[in-house]
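S.K.: Hey, dropping upload-v1.cif in here, mmCIF, C-alpha atoms and all ligand atoms:
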data_input
loop_
_atom_site.label_atom_id
_atom_site.label_comp_id
_atom_site.auth_asym_id
_atom_site.auth_seq_id
_atom_site.Cartn_x
_atom_site.Cartn_y
_atom_site.Cartn_z
CA MET D 1374 -19.22 -7.32 -3.70
CA ASP D 1375 -18.94 -10.49 -5.69
CA ASN D 1376 -15.34 -11.33 -6.42
CA ARG D 1377 -15.39 -14.98 -5.43
CA GLN D 1378 -13.26 -17.33 -7.44
CA ALA D 1379 -15.17 -18.87 -10.33
CA ALA D 1380 -14.95 -22.63 -11.00
CA VAL D 1381 -12.89 -22.18 -14.17
CA ALA D 1382 -11.06 -18.91 -14.04
CA THR D 1383 -8.07 -18.89 -16.35
CA THR D 1384 -7.45 -15.23 -17.10
CA VAL D 1385 -4.81 -13.17 -15.35
CA VAL D 1386 -5.21 -9.44 -15.96
CA VAL D 1387 -2.08 -7.29 -15.77
CA LEU D 1388 -2.64 -3.59 -15.07
CA GLY D 1389 0.26 -1.22 -15.78
CA THR D 1390 0.81 1.92 -13.71
CA GLY D 1391 4.45 2.78 -14.52
CA GLY D 1392 7.43 2.70 -12.16
CA THR D 1393 11.04 1.64 -12.67
CA ILE D 1394 9.85 -1.70 -14.03
CA ALA D 1395 8.70 0.38 -17.02
CA GLY D 1396 11.67 2.75 -16.82
CA ARG D 1397 14.16 3.70 -19.53
CA ALA D 1398 17.76 4.92 -19.10
CA GLN D 1399 20.24 6.42 -21.59
CA CYS D 1400 22.82 3.71 -20.91
CA ARG D 1401 22.48 0.12 -19.80
CA ASP D 1402 24.55 0.46 -16.62
CA ASP D 1403 22.56 3.44 -15.30
CA HIS D 1404 20.41 2.25 -12.39
CA THR D 1405 19.56 5.67 -10.96
CA GLY D 1406 19.44 8.27 -13.74
CA TYR D 1407 16.53 6.75 -15.65
CA THR D 1408 12.97 7.91 -16.26
CA ALA D 1409 10.29 5.74 -14.68
CA GLY D 1410 7.00 4.92 -16.42
CA GLN D 1411 8.12 4.89 -20.09
CA ILE D 1412 7.41 1.41 -21.43
CA GLY D 1413 3.89 0.08 -21.90
CA VAL D 1414 2.63 -2.97 -20.02
CA GLN D 1415 2.18 -4.90 -23.28
CA ALA D 1416 5.90 -4.58 -24.02
CA LEU D 1417 6.80 -5.55 -20.43
CA LEU D 1418 4.91 -8.81 -20.90
CA HIS D 1419 6.78 -9.73 -24.07
CA GLY D 1420 8.57 -13.07 -23.55
CA ILE D 1421 7.36 -13.52 -19.95
CA PRO D 1422 6.15 -17.09 -19.38
CA VAL D 1423 2.41 -17.43 -18.87
CA PRO D 1424 1.36 -19.84 -16.07
CA THR D 1425 0.18 -23.19 -17.45
CA GLY D 1426 -3.51 -23.28 -18.34
CA HIS D 1427 -3.87 -19.50 -18.12
CA HIS D 1428 -3.84 -16.60 -20.50
CA VAL D 1429 -2.93 -12.99 -19.87
CA GLU D 1430 -4.77 -9.77 -20.67
CA HIS D 1431 -3.26 -6.35 -20.12
CA GLU D 1432 -4.42 -2.80 -19.60
CA GLN D 1433 -2.53 0.46 -19.06
CA VAL D 1434 -4.18 2.30 -16.16
CA ALA D 1435 -1.46 4.94 -15.71
CA GLN D 1436 2.16 5.58 -16.66
CA ILE D 1437 3.83 7.43 -13.77
CA ASP D 1438 6.76 7.44 -11.38
CA SER D 1439 5.09 6.15 -8.23
CA LYS D 1440 6.67 8.94 -6.15
CA ASP D 1441 3.79 10.95 -7.64
CA MET D 1442 1.11 8.38 -6.73
CA GLY D 1443 -2.13 9.65 -5.24
CA PRO D 1444 -5.91 9.75 -5.64
CA ALA D 1445 -5.70 10.75 -9.34
CA VAL D 1446 -4.31 7.29 -10.16
CA TRP D 1447 -5.76 5.39 -7.18
CA ARG D 1448 -9.30 6.21 -8.32
CA PRO D 1449 -9.07 4.57 -11.78
CA LEU D 1450 -6.93 1.77 -10.36
CA LEU D 1451 -9.51 0.90 -7.68
CA ALA D 1452 -12.26 0.97 -10.32
CA ARG D 1453 -10.38 -1.24 -12.80
CA VAL D 1454 -9.22 -3.76 -10.18
CA GLN D 1455 -12.77 -4.02 -8.86
CA HIS D 1456 -14.13 -4.43 -12.40
CA HIS D 1457 -11.79 -7.33 -13.22
CA LEU D 1458 -12.26 -9.02 -9.83
CA GLN D 1459 -15.95 -9.31 -10.61
CA ARG D 1460 -15.32 -11.19 -13.87
CA PRO D 1461 -15.91 -14.92 -13.33
CA ASP D 1462 -13.21 -15.83 -15.87
CA VAL D 1463 -10.52 -13.89 -14.00
CA ALA D 1464 -8.32 -15.93 -11.67
CA GLY D 1465 -6.28 -13.00 -10.42
CA LEU D 1466 -4.64 -9.69 -11.20
CA VAL D 1467 -1.12 -8.34 -11.39
CA VAL D 1468 -0.40 -4.62 -11.02
CA THR D 1469 2.98 -3.30 -12.20
CA HIS D 1470 3.93 -0.36 -9.97
CA GLY D 1471 6.88 1.75 -8.84
CA THR D 1472 8.58 0.67 -5.64
CA ASP D 1473 8.45 4.06 -3.88
CA THR D 1474 4.79 3.98 -2.86
CA LEU D 1475 4.04 0.32 -3.48
CA GLU D 1476 3.16 -0.35 0.16
CA GLU D 1477 0.57 2.43 0.12
CA THR D 1478 -1.23 1.22 -2.99
CA ALA D 1479 -1.12 -2.37 -1.69
CA TYR D 1480 -2.63 -1.37 1.66
CA LEU D 1481 -5.33 0.76 0.02
CA LEU D 1482 -6.40 -2.02 -2.38
CA GLN D 1483 -6.52 -4.59 0.42
CA ARG D 1484 -8.47 -2.43 2.84
CA VAL D 1485 -10.97 -1.14 0.30
CA LEU D 1486 -11.51 -4.14 -1.98
CA CYS D 1487 -10.79 -7.04 0.45
CA PRO D 1488 -10.34 -9.28 -2.61
CA ALA D 1489 -11.17 -12.96 -2.46
CA LYS D 1490 -8.92 -13.41 -5.51
CA PRO D 1491 -5.21 -12.54 -5.65
CA VAL D 1492 -4.14 -9.01 -6.57
CA VAL D 1493 -0.36 -9.12 -6.91
CA LEU D 1494 1.65 -5.91 -7.03
CA THR D 1495 5.08 -6.15 -8.57
CA CYS D 1496 7.90 -3.79 -9.45
CA ALA D 1497 11.59 -3.48 -10.20
CA MET D 1498 14.61 -1.70 -8.77
CA ARG D 1499 16.38 -1.48 -12.13
CA PRO D 1500 14.90 0.06 -15.28
CA ALA D 1501 13.74 -2.20 -18.10
CA THR D 1502 16.75 -1.04 -20.18
CA ALA D 1503 19.34 -2.22 -17.61
CA LEU D 1504 21.98 -4.80 -18.47
CA ALA D 1505 20.36 -7.20 -16.02
CA PRO D 1506 16.86 -5.89 -15.25
CA ASP D 1507 15.00 -7.46 -12.32
CA GLY D 1508 11.53 -6.59 -13.64
CA PRO D 1509 11.03 -9.58 -15.97
CA GLN D 1510 11.64 -12.16 -13.21
CA ASN D 1511 9.47 -10.23 -10.74
CA LEU D 1512 6.69 -10.08 -13.34
CA ALA D 1513 6.98 -13.83 -14.04
CA ASP D 1514 6.84 -14.55 -10.29
CA ALA D 1515 3.84 -12.24 -9.87
CA LEU D 1516 1.93 -14.01 -12.68
CA LEU D 1517 2.64 -17.31 -10.99
CA VAL D 1518 1.29 -16.08 -7.65
CA ALA D 1519 -1.79 -14.56 -9.34
CA ALA D 1520 -2.54 -17.94 -10.97
CA HIS D 1521 -1.79 -19.97 -7.82
CA PRO D 1522 -4.77 -22.09 -6.68
CA GLY D 1523 -6.24 -20.74 -3.46
CA ALA D 1524 -4.33 -17.45 -3.60
CA ARG D 1525 -6.25 -14.46 -2.26
CA GLY D 1526 -5.79 -10.90 -1.08
CA VAL D 1527 -3.36 -8.17 -2.02
CA VAL D 1528 0.23 -9.34 -2.08
CA VAL D 1529 3.52 -7.67 -3.07
CA VAL D 1530 6.00 -9.82 -5.03
CA CYS D 1531 9.61 -8.65 -5.37
CA ALA D 1532 12.97 -10.44 -5.53
CA GLY D 1533 11.47 -13.88 -4.97
CA ARG D 1534 9.54 -12.89 -1.87
CA ALA D 1535 5.80 -12.39 -1.37
CA HIS D 1536 4.67 -9.89 1.29
CA ARG D 1537 1.33 -8.95 2.85
CA ALA D 1538 0.01 -5.43 2.32
CA ASP D 1539 -0.20 -4.51 6.01
CA ALA D 1540 3.40 -5.47 6.86
CA VAL D 1541 5.44 -4.65 3.77
CA GLN D 1542 7.82 -1.67 3.71
CA LYS D 1543 10.41 -0.47 1.23
CA ILE D 1544 13.55 -0.59 3.35
CA HIS D 1545 16.33 0.01 0.85
CA PRO D 1546 16.80 2.66 -1.86
CA TYR D 1547 18.94 0.55 -4.22
CA ARG D 1548 19.10 -3.18 -3.38
CA LEU D 1549 17.06 -5.53 -5.62
CA ASP D 1550 15.54 -7.09 -2.50
CA ALA D 1551 14.21 -3.72 -1.35
CA PHE D 1552 11.17 -4.85 0.65
CA SER D 1553 10.74 -6.35 4.08
CA SER D 1554 7.81 -7.54 6.16
CA GLY D 1555 9.75 -6.82 9.34
CA ASP D 1556 8.94 -8.94 12.38
CA ALA D 1557 5.97 -10.54 10.61
CA GLY D 1558 8.20 -12.07 7.94
CA PRO D 1559 7.24 -12.59 4.30
CA LEU D 1560 4.12 -14.45 3.24
CA GLY D 1561 6.22 -16.83 1.18
CA GLN D 1562 8.81 -17.19 -1.55
CA VAL D 1563 8.90 -18.00 -5.25
CA GLU D 1564 11.74 -20.22 -6.43
CA GLN D 1565 12.07 -21.95 -9.80
CA GLY D 1566 8.44 -21.25 -10.64
CA ARG D 1567 7.18 -22.67 -7.34
CA LEU D 1568 5.48 -20.75 -4.54
CA THR D 1569 6.21 -21.83 -0.97
CA LEU D 1570 3.86 -20.28 1.58
CA TRP D 1571 5.11 -19.50 5.08
CA ARG D 1572 2.00 -17.74 6.31
CA ALA D 1573 -1.72 -17.74 5.49
CA TRP D 1574 -3.10 -15.67 2.63
CA PRO D 1575 -4.51 -12.39 3.89
CA ALA D 1576 -8.18 -12.66 4.77
CA ALA D 1577 -9.93 -9.31 4.67
CA ALA D 1578 -10.85 -9.27 8.35
CA GLU D 1579 -7.28 -10.11 9.35
CA VAL D 1580 -5.66 -6.92 8.11
CA ALA D 1581 -4.23 -5.14 11.12
CA GLY D 1582 -6.80 -3.04 12.86
CA PHE D 1583 -6.51 -0.45 15.50
CA ASN D 1584 -4.83 -1.61 18.72
CA GLY D 1585 -6.36 -5.03 18.24
CA ASN D 1586 -9.83 -3.72 17.42
CA PRO D 1587 -11.04 -5.21 14.15
CA TRP D 1588 -12.05 -2.90 11.37
CA PRO D 1589 -15.70 -2.93 10.34
CA SER D 1590 -16.65 -6.00 8.28
CA PRO D 1591 -15.07 -6.25 4.82
CA GLN D 1592 -18.48 -6.00 3.18
CA HIS D 1593 -19.27 -2.86 5.16
CA GLN D 1594 -15.90 -1.32 4.35
CA HIS D 1595 -16.19 -2.13 0.70
CA ASP D 1596 -19.74 -0.95 0.20
CA GLU D 1597 -19.13 2.25 2.10
CA LEU D 1598 -15.60 3.16 1.12
CA LEU D 1599 -15.35 2.41 -2.57
CA PRO D 1600 -18.01 4.85 -3.85
CA ARG D 1601 -16.70 7.58 -1.56
CA LEU D 1602 -13.09 7.07 -2.65
CA LEU D 1603 -14.11 7.10 -6.29
CA ALA D 1604 -15.70 10.50 -5.74
CA ALA D 1605 -13.28 13.42 -5.86
CA GLU D 1606 -14.31 14.78 -2.47
CA GLY D 1607 -13.70 11.46 -0.72
CA TRP D 1608 -10.06 12.06 0.26
CA HIS D 1609 -9.37 14.00 3.46
CA ARG D 1610 -6.15 15.84 4.15
CA VAL D 1611 -4.03 13.69 6.47
CA GLU D 1612 -0.37 14.61 7.04
CA THR D 1613 2.55 12.86 8.73
CA ILE D 1614 5.26 14.23 11.01
CA VAL D 1615 8.20 12.73 12.88
CA SER D 1616 9.11 13.37 16.52
CA HIS D 1617 12.86 13.88 16.97
CA ALA D 1618 15.48 15.29 19.30
CA GLY D 1619 15.15 19.07 19.31
CA ALA D 1620 11.58 19.01 17.92
CA ASP D 1621 9.44 21.95 19.08
CA GLY D 1622 5.97 21.40 17.60
CA ALA D 1623 6.33 24.34 15.20
CA LEU D 1624 5.55 22.11 12.23
CA VAL D 1625 2.25 20.99 13.78
CA ARG D 1626 1.28 24.60 14.51
CA ALA D 1627 2.23 25.60 10.95
CA LEU D 1628 0.00 22.83 9.56
CA LEU D 1629 -2.88 24.04 11.72
CA ALA D 1630 -2.43 27.62 10.57
CA TYR D 1631 -1.97 26.75 6.89
CA ALA D 1632 -5.04 27.79 4.96
CA GLY D 1633 -5.87 29.37 1.68
CA PRO D 1634 -7.99 29.03 -1.45
CA GLY D 1635 -8.08 25.41 -2.57
CA VAL D 1636 -6.29 24.17 0.57
CA ALA D 1637 -8.26 21.38 2.20
CA PRO D 1638 -8.37 21.71 5.99
CA LEU D 1639 -6.19 19.37 8.01
CA ARG D 1640 -8.35 16.48 9.24
CA GLY D 1641 -5.77 13.99 10.45
CA LEU D 1642 -2.15 13.77 11.58
CA VAL D 1643 -0.04 10.65 12.04
CA VAL D 1644 3.10 11.16 14.09
CA ALA D 1645 6.00 8.74 13.92
CA GLY D 1646 7.19 8.75 17.51
CA THR D 1647 10.56 7.79 18.85
CA GLY D 1648 10.98 4.22 20.15
CA ASN D 1649 7.68 2.85 21.40
CA GLY D 1650 5.78 5.80 19.94
CA THR D 1651 7.00 8.31 22.53
CA LEU D 1652 6.68 11.99 21.66
CA HIS D 1653 8.81 15.03 22.52
CA GLN D 1654 6.88 17.01 25.13
CA ASP D 1655 6.73 20.09 22.90
CA VAL D 1656 5.39 18.03 19.97
CA LEU D 1657 2.86 16.47 22.34
CA ALA D 1658 1.67 19.93 23.43
CA ALA D 1659 1.22 20.99 19.81
CA LEU D 1660 -0.63 17.76 19.02
CA ARG D 1661 -3.00 18.38 21.92
CA GLN D 1662 -3.70 21.77 20.38
CA ALA D 1663 -4.43 20.03 17.05
CA GLN D 1664 -6.82 17.62 18.78
CA ALA D 1665 -8.58 20.55 20.46
CA GLN D 1666 -9.16 21.97 16.98
CA GLY D 1667 -10.78 18.72 15.79
CA VAL D 1668 -7.80 17.08 14.08
CA VAL D 1669 -7.63 13.30 14.64
CA VAL D 1670 -4.11 12.37 15.77
CA TRP D 1671 -2.61 8.87 15.73
CA ARG D 1672 0.91 7.75 16.53
CA THR D 1673 3.16 5.00 15.28
CA THR D 1674 6.92 4.49 15.59
CA ARG D 1675 9.79 5.83 13.55
CA CYS D 1676 11.67 2.56 14.28
CA ALA D 1677 12.36 0.62 11.09
CA GLU D 1678 10.91 -2.58 12.55
CA GLY D 1679 8.27 -3.50 15.11
CA ARG D 1680 5.07 -1.72 16.06
CA VAL D 1681 4.08 0.38 19.08
CA VAL D 1682 3.20 -1.80 22.06
CA PRO D 1683 0.24 -0.02 23.67
CA GLY D 1684 0.14 0.90 27.33
CA ASP D 1685 3.78 1.87 27.74
CA ALA D 1686 3.41 5.63 27.66
CA PRO D 1687 0.45 6.66 29.84
CA GLU D 1688 1.23 10.36 29.51
CA GLN D 1689 0.51 9.98 25.82
CA ASP D 1690 -2.97 8.51 26.30
CA GLY D 1691 -5.35 10.22 23.98
CA ILE D 1692 -2.88 9.94 21.09
CA PRO D 1693 -3.82 6.41 20.05
CA ALA D 1694 -1.14 4.09 18.74
CA ILE D 1695 -1.73 2.14 15.53
CA ALA D 1696 0.11 -1.08 14.73
CA LEU D 1697 1.06 -0.16 11.18
CA PRO D 1698 4.07 1.41 9.46
CA LEU D 1699 3.78 5.18 8.92
CA ALA D 1700 2.74 5.04 5.23
CA GLN D 1701 -0.03 2.50 5.87
CA ALA D 1702 -1.08 4.28 9.09
CA ARG D 1703 -1.67 7.51 7.16
CA LEU D 1704 -3.99 5.72 4.74
CA ALA D 1705 -5.69 3.89 7.60
CA LEU D 1706 -6.52 7.23 9.21
CA GLN D 1707 -7.77 8.59 5.90
CA LEU D 1708 -10.10 5.58 5.58
CA ALA D 1709 -11.19 5.82 9.22
CA LEU D 1710 -12.10 9.47 8.71
CA LEU D 1711 -14.03 8.46 5.62
CA HIS D 1712 -16.17 6.15 7.68
CA GLY D 1713 -17.55 9.35 9.10
CA ASP D 1714 -17.73 7.88 12.58
CA ALA D 1715 -14.02 8.64 13.05
CA LEU D 1716 -13.27 5.10 14.07
CA GLY D 1717 -9.83 6.17 15.17
CA ALA D 1718 -10.92 9.23 17.11
CA ALA D 1719 -11.59 9.63 20.80
CA LYS D 1720 -14.17 6.84 20.91
CA VAL D 1721 -11.55 4.17 20.29
CA ALA D 1722 -8.66 5.91 22.03
CA GLY D 1723 -7.34 4.13 25.08
N1 LIG X 1801 10.68 6.18 -8.40
C1 LIG X 1801 10.37 4.85 -8.92
C2 LIG X 1801 8.88 4.63 -8.71
O1 LIG X 1801 8.48 4.44 -7.59
C3 LIG X 1801 11.15 3.85 -8.18
C4 LIG X 1801 10.89 2.43 -8.55
O2 LIG X 1801 9.93 2.05 -9.19
O3 LIG X 1801 11.74 1.59 -8.16
O4 LIG X 1801 8.14 4.65 -9.67
#
Would it be possible to restate this file's structure as structure tokens?
Ligand code: ASP

M.R.:
Amino acid sequence: MDNRQAAVATTVVVLGTGGTIAGRAQCRDDHTGYTAGQIGVQALLHGIPVPTGHHVEHEQVAQIDSKDMGPAVWRPLLARVQHHLQRPDVAGLVVTHGTDTLEETAYLLQRVLCPAKPVVLTCAMRPATALAPDGPQNLADALLVAAHPGARGVVVVCAGRAHRADAVQKIHPYRLDAFSSGDAGPLGQVEQGRLTLWRAWPAAAEVAGFNGNPWPSPQHQHDELLPRLLAAEGWHRVETIVSHAGADGALVRALLAYAGPGVAPLRGLVVAGTGNGTLHQDVLAALRQAQAQGVVVWRTTRCAEGRVVPGDAPEQDGIPAIALPLAQARLALQLALLHGDALGAAKVAG
């Protein structure tokens, strides 16, 4: 990996993937009945101020509603981001993306590429055709962060706030300020073309690991993970479930039994537990059955904020808790399984 910042890097590359920021509606006051991923990234950049001393290049990697995001787009996106990071003239990247799965793409890019330059994901809650679209300001703010001296790592910029990839969650289906970093708080804010930092830029090794255990070194992760993720067979089947009042474990047993031509076997399961990651006893019994069949099971919390504090539920030992939101935890397990040594499996548990 060689994506260190060059002495004179003045290019910001903007990669388009679709989303509401590129969405089109029939009428200007329609904020929900639009079609995402309609307008090209070149048109989105029209009239957006370019940070002083920089110039902008653009590339359309995909044009989708991010509710449909997955390996088919992640593969080319990882490859193109990595390609541009390695260019000495590139100061940073911006990725335009839908809000629905933004936190997943951000986490994946950070964990796999560990960029020493900024990779700024941005979005919009209103389509580009709205009376007062939020996309243009978000895009201008994202360009500014991507060109900011010393910026590094994958960052989400929306509604004047910058968030780290391991903490950010979409918390509102409609509000313009739809993202939160929860207890961690945002990385910083952009006001009047100025970035104020409240926390340190993400360093690769800092991204939340597993119950305080660091992930393997960034170099190791990158060299091992990227080629495997770029290969079609690199993505394991990892599902999520939620524990709730009245749960009976039937869903877990159905997942275990589900098989057929073209159906990849279940390799991992992340359960969003109640409160501090506690699990209904019947769900726990079904999860034990899954573990006995070789499925790696992790738990997190279904609480909107905070992370599971380990050690509080001894009866659930053996279902390790991970300090990440559910969406990021699912990807973390997928990456851990890819390591082949099942970092998150029994070895690390407890
Ligand atoms: N469904 C849209 C998407 O994620 C929502 C958005 O971008 O706000 O692409």

S.K.: Can you work out which one of D:Tyr1631, D:Trp1571, D:Phe1552, D:Tyr1480 has the shortest atom-to-atom distance to Met1498 in chain D, counting all atoms listed in the file?

M.R.: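 Of D:Tyr1631, D:Trp1571, D:Phe1552, D:Tyr1480, the one nearest Met1498 in chain D is D:Phe1552, counting all atoms listed in the file.
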
S.K.: Provide the CA of Asp1690 in chain D to CA of Ala1620 in chain D distance in Å, to one decimal place.

M.R.: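 Calculated distance between CA of Asp1690 in chain D and CA of Ala1620 in chain D is 19.8 Å.
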
S.K.: Can you tell me how far CA of Gly1410 in chain D sits from CA of Thr1393 in chain D, in Å to one decimal?

M.R.: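 These two atoms are separated by 6.4 Å.
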
S.K.: Which one is closest to Pro1522 in chain D: D:Cys1676, D:Val1381, D:Ala1535, D:Ala1632? Count all atoms listed in the file.

M.R.: D:Val1381

S.K.: Restricting the calculation to all atoms listed in the file: of D:Asn1649, D:Thr1502, D:Gln1542, D:Thr1569, which residue gets closest to His1404 in chain D?

M.R.: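 Residue with the minimum atom-to-atom distance to His1404 in chain D: D:Thr1502.
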
S.K.: Could you give me the residues within 12 Å of ligand LIG 1801 (chain X), counting all atoms listed in the file, as number ranges by chain?

M.R.: D: 1389-1397, 1404-1411, 1435-1442, 1469-1478, 1494-1501, 1506-1508, 1531, 1543-1552

S.K.: By how many Å are CA of Ala1489 in chain D and CA of Ala1604 in chain D apart?

M.R.: 24.1 Å

S.K.: Residues near Leu1504 in chain D, anyone? I mean within 9 Å using all atoms listed in the file, not counting same-chain ones fewer than 3 positions away, as a count of residues only.

M.R.: 5

S.K.: Give me the residues near Val1468 in chain D as a ChimeraX atom specification, where near means some atom within 10 Å (using only C-alpha atoms) and where sequence neighbours in that chain fewer than 5 positions away do not count.

M.R.: /D:1386-1391,1414,1431-1434,1450,1454,1478-1479,1492-1496,1512,1515-1516,1529

S.K.: Between D:Ala1445, D:Ala1665, D:Ile1412, D:Leu1417, which residue has the minimum interatomic distance to Ala1605 in chain D, considering only C-alpha atoms?

M.R.: D:Ala1445
